[in-house]
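Worksheet for the structure shown next.
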Number of protein chains: 2
Amino acid sequence: MKIALAQLNYHIGNFESNTKKIITAIEDAKQAGAELVVFAELAICGYPPRDFLEFSEFIELCDNAVKEIAYACVDIACIIGVPTKNPRIEGKDLFNSAYFIENGKVSQLVNKALLPTYDVFDEYRYFEPSVSFSCINFKGHKIALTICEDLWNINDNPLYTSAPMDELIKENPALMINIAASPFSYNHDDNRYKILSDNCKKYQLPLLYVNQVGSQTEIIFDGGSLVFNAQGEMLDQLNYFEEDIRIYEFNGTEITGHHIKEHNPSPDIEQIHKALLLGIKDYFYKSGFSKAVLGLSGGIDSAVVCALAAEALGPENVMAVLMPSKYSTGHSVQDALDLANNLGCKHETIAIKAAADAFDSMLEPVFKGLPFNITEENIQARCRAIIVMAFSNKFGYILLNTSNKSECAVGYGTLYGDMAGAIGVLGDVYKTQVYQLANYINRDREIIPQNSIVKPPSAELRPDQKDSDSLPEYDVLDKLLYQYIELKKSSRDIIAQGFDEALVRKVIAMVNKAEFKRYQTPPILRVSPKAFGMGRRMPIVGKYLS
Amino acid sequence: MKIALAQLNYHIGNFESNTKKIITAIEDAKQAGAELVVFAELAICGYPPRDFLEFSEFIELCDNAVKEIAYACVDIACIIGVPTKNPRIEGKDLFNSAYFIENGKVSQLVNKALLPTYDVFDEYRYFEPSVSFSCINFKGHKIALTICEDLWNINDNPLYTSAPMDELIKENPALMINIAASPFSYNHDDNRYKILSDNCKKYQLPLLYVNQVGSQTEIIFDGGSLVFNAQGEMLDQLNYFEEDIRIYEFNGTEITGHHIKEHNPSPDIEQIHKALLLGIKDYFYKSGFSKAVLGLSGGIDSAVVCALAAEALGPENVMAVLMPSKYSTGHSVQDALDLANNLGCKHETIAIKAAADAFDSMLEPVFKGLPFNITEENIQARCRAIIVMAFSNKFGYILLNTSNKSECAVGYGTLYGDMAGAIGVLGDVYKTQVYQLANYINRDREIIPQNSIVKPPSAELRPDQKDSDSLPEYDVLDKLLYQYIELKKSSRDIIAQGFDEALVRKVIAMVNKAEFKRYQTPPILRVSPKAFGMGRRMPIVGKYLS
């Protein structure tokens, strides 16, 4: 039996384009001789649909799409993810389901049992967990069909009290199929590989695993769908970060025609680079926009964002705005111009002095000679936001935010100033990783001026300012932040690792005090296991530890 | 047996102040002859603790607080809410628990079974649902102790497949006690009353119900704890929006010494007024701030926010900044000054022309004579944000946001402009309700100038602008928005109610297009059953229906 795995990029709520894409894949798979084609979790509506699921109209549109897709399933069956109504009055109104469609209609149904409700996931907000389990029967084969998290309960510290495969295995299935929406983070691929391989070993079954690909606002799906033999060895893997359809032969006990492959994921920084490109591309494409604007300072963060945007959208669609203040150094302006020229993107220069001076004069009667402080620094950063937002309003450019994760963490940025933007490109990339990205972008030729990479980071908001005046060196800071943000360690535990106590307390206090700022920042492309945004929900008015 | 109900205002994560407050209540209750004192759900740490729960240090601090509180429980027992560790390796690591503490130590434990995971609630993100049930035994009485949502599964469309009381009733308890953290919305009080009363009728038991009171960033708890007889009739209710401790006599079968009372909640607008005052007060008090700043335009929204802030914080702690543009009318400035004088709050006037002109000149080479449009309107609104944020940075004022729910809904506001602020005071109050609030604030004397109430609403960002140029009249708009936002109706259903089709499509499209703006707005004090913010999670890059 030939089975096609269809790893596609869906658009949440765009039933027209999703359905068309799915039907095309069904027809292509049929042409290529496949008897079954497998799509990802919630393929019909895209993942995560969030509170769209609470609109009954949305569920109707899912049902309509299923009917259209079922029409195409003649002489080929399909497995596809879709939200379905819970027929019982008790419990949540929906299931997260997989339909088995054959001969033009839905013949079998599997509901998800383990509902991820942590980090960026909110599935129990919408779905009732399934408590009944049975295998799919197709052409004499018993298939243990599960949905994403349903296979993930074999860790040391299992999140759930049961595992659907422990039930399904009782029916002696010949094959496992898992449909997923498993988002990217730079370390997730290894976890996923291991969990899936462990399932094969535990249940001694081959596995076909289909993931989504594509970016949905902040959540990036990396694809990389997998095929394992019953020993948990990898037979094949679909492409990362792009659509891919492949066909496999299942002989009733194993997937044939493939040798065992090594799992050799790319280095983290290469994965992050690809993820961010896809994140930018899909944000614009799926929103119906094409042109980006950003402030280009001559520093490394905006340089990296500009280079990524130029690659994702085409340099002709990127407008870099240089906005020197009276504290900007000549070399910063030159570095910014060099980058714009290297990339071939558009650029304009607008000095902010006139506006900043106007505010100083307007506020003088109230400030009455109080000394220059963070107030005047913020005024400059906010003048810049007004300018790039004016480009956005006048010409339809979308503003890219260039704040990195280290800055977002400690609140080293101006709300309504450099923290503005439609999407945060580097908000989940620590400063030390931004340097790695810059070097990776320069791997073939100098795109980002070397000077932007080697000079000491500075906001240039007062004379001779350096980031290191108020922050520790980034290689120390980032390690400390990782312990607190990704690993949720206490100050006591972090100090016990050898970090300076005063520094730990200072940095953690900065992170905590910046919660109110982060609440108002744009969505951030998620590339780590713990990004700011939906995946990290901290109180604002709370008394923080440490 | 005398049982005290302690309805207190907790501060999330502030173990020191929460513990002190709890111990004081225990001692007071003991002095007054109580044998048992009942505190609310998660009283020890405050509700909702959000991802604080994922820090093991936080759980340790809960454990330490329990020990300290247990010390005080000599010759008096207490019931108190606290997160506890799940002893099983399978499932989530925590339970949402109630401890029964007597003779200086924890003697009995109840875990919450029904975990609200909808709207603003995320409990299954953190907690394992309980599946075992038994009554508390105290001095020969069997008490059916449940936690908040555990009593809420008796609707027509139950959210859960089981009800803890159906198990507990098998032990023939004599009394129900429910500890809760049940947040305010203007219609919630009636629901709560009915659900609790229905439980008494169904199980034929009296009920003591203790709610939290106080505001936690955007979520406001209204208190109003309740006492019912076994017929579901109300015997008493604790105060709304303030701390309250009362003692009841339970004779083994009923609560004695109280006559049946009518449930007569105040009018919605009076409740909303009290809720917003508490919301402002607690935001400042719990954050350690005392002074507020806001832009005062002469319009009704900022007038209402200014009056609320003056009442909540004291007029001496409120700085109103008048920032007329060249399009501001003379009467607007006068209305704003009249309000500031009526309230006795501080005020400053800073015209924005110089800054707005500076931006126009700076952008001229790029805009090259393109016509005045929304760009220039936004520049003015953003200049105002720079000024009030400068007050905030220089003097430590906290910026209050004055956008109302109708504006937030349709995106009629400038991101990084008038949508800025630390907390949104009116973001869950429709414009038509803002008028009601204004009239309520003026119930005894004219505080808000009548002119601000009766004149047609205008942003005054271009000559002779009126809100009604781009929006329908607010009484129509608000009804339409309510159907879409609160009731999640489709455009088809709304049109079927008699609304104009073109208008429905236009308004819903405006709501959908404003998702990206709302993502970046400050937290909004929640007073309705569906507020923008944590309780409404919509995709940004999604294809919207309608």
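Ligands are numbered from 1 in the order shown, chains are lettered A, B, ... in the order of the structure tokens, and residues start at 1 in each chain.
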
Would you kindly report the residues of chain A within 6 Å of chain B, using only C-alpha atoms, as a PyMOL selection string? chain A and resi 12-14+50-51+55+89-92+117-118+125+157-161+217+287+354-355+358+375+390+393-394+416+488+520-521+537-538+541-543

If you count only C-alpha atoms, which residues fall within 6 Å of B:Ala292, apart from same-chain ones fewer than 4 positions away, as a list in words?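 Neighbouring residues, sequence-local ones excluded: Val318, Tyr397, Ile398 and Leu399 of chain B.
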
Shortest interatomic distance to A:Ile494 - which of A:Ala312, A:Leu525, A:Val227, A:Leu480, counting only C-alpha atoms: A:Leu480

Extract, using only C-alpha atoms, all DNA, RNA and protein residues at most 8 Å from B:Leu226, discarding same-chain residues fewer than 5 positions from it, and format them as a short mmCIF file (atom, residue, chain, number, x, y, z; two decimals) with C-alpha atoms, in the first residue's frame.
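This is the output file part-v4.cif:
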```cif
data_model
loop_
_atom_site.label_atom_id
_atom_site.label_comp_id
_atom_site.auth_asym_id
_atom_site.auth_seq_id
_atom_site.Cartn_x
_atom_site.Cartn_y
_atom_site.Cartn_z
CA LEU B 207 -23.60 26.43 51.78
CA LEU B 208 -20.87 28.78 52.96
CA TYR B 209 -19.12 30.41 50.01
CA VAL B 210 -15.97 32.55 50.32
CA MET B 234 -29.78 33.48 50.75
CA LEU B 235 -29.17 34.08 54.43
CA ASP B 236 -26.38 36.61 54.13
CA GLN B 237 -23.93 38.21 51.76
CA LEU B 238 -20.58 39.79 52.56
#
```

Contacts of stretch 184-197 of chain B at 7 Å (only C-alpha atoms; same-chain gap of 3+ positions) as a ChimeraX atom specification: /B:152,200-201,220-222,228,232-233,268,271-272,526-529

So that I can see what lies close to A:Ser302, please list as an NGL selection string the residues with an atom at most 7 Å from it, counting only C-alpha atoms and leaving out residues fewer than 6 positions away in the same chain. :A and (295-296 or 402)

Using the selection just defined, write its residues with N, CA and C atoms as a tab-separated table (two decimals), in the first residue's frame.
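Final output, selection38.tsv:
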```
chain	number	residue	atom	x	y	z
A	295	GLY	N	13.95	50.87	11.39
A	295	GLY	CA	14.97	51.86	11.70
A	295	GLY	C	16.33	51.19	11.67
A	296	LEU	N	17.27	51.78	10.94
A	296	LEU	CA	18.59	51.18	10.81
A	296	LEU	C	19.58	52.08	11.55
A	402	THR	N	13.12	45.36	16.08
A	402	THR	CA	14.49	44.82	16.05
A	402	THR	C	15.05	44.50	17.44
```

Counting only C-alpha atoms, which of B:Ile179, B:Leu109, B:Val507, B:Ile22 gets nearest to B:Ile69?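 Of all the options, B:Ile22 lies closest to B:Ile69.
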
Quick one: residues within 6 Å of A:Met176, only C-alpha atoms counted, chain neighbours fewer than 4 positions away excluded, as a ChimeraX atom specification? /A:143-145,207

With DSSP run on the backbone, what are the strand (DSSP E) residues within stretch 298-461 of chain A? I'd like them as number ranges by chain. A: 318-322, 346-349, 398-401, 423-424
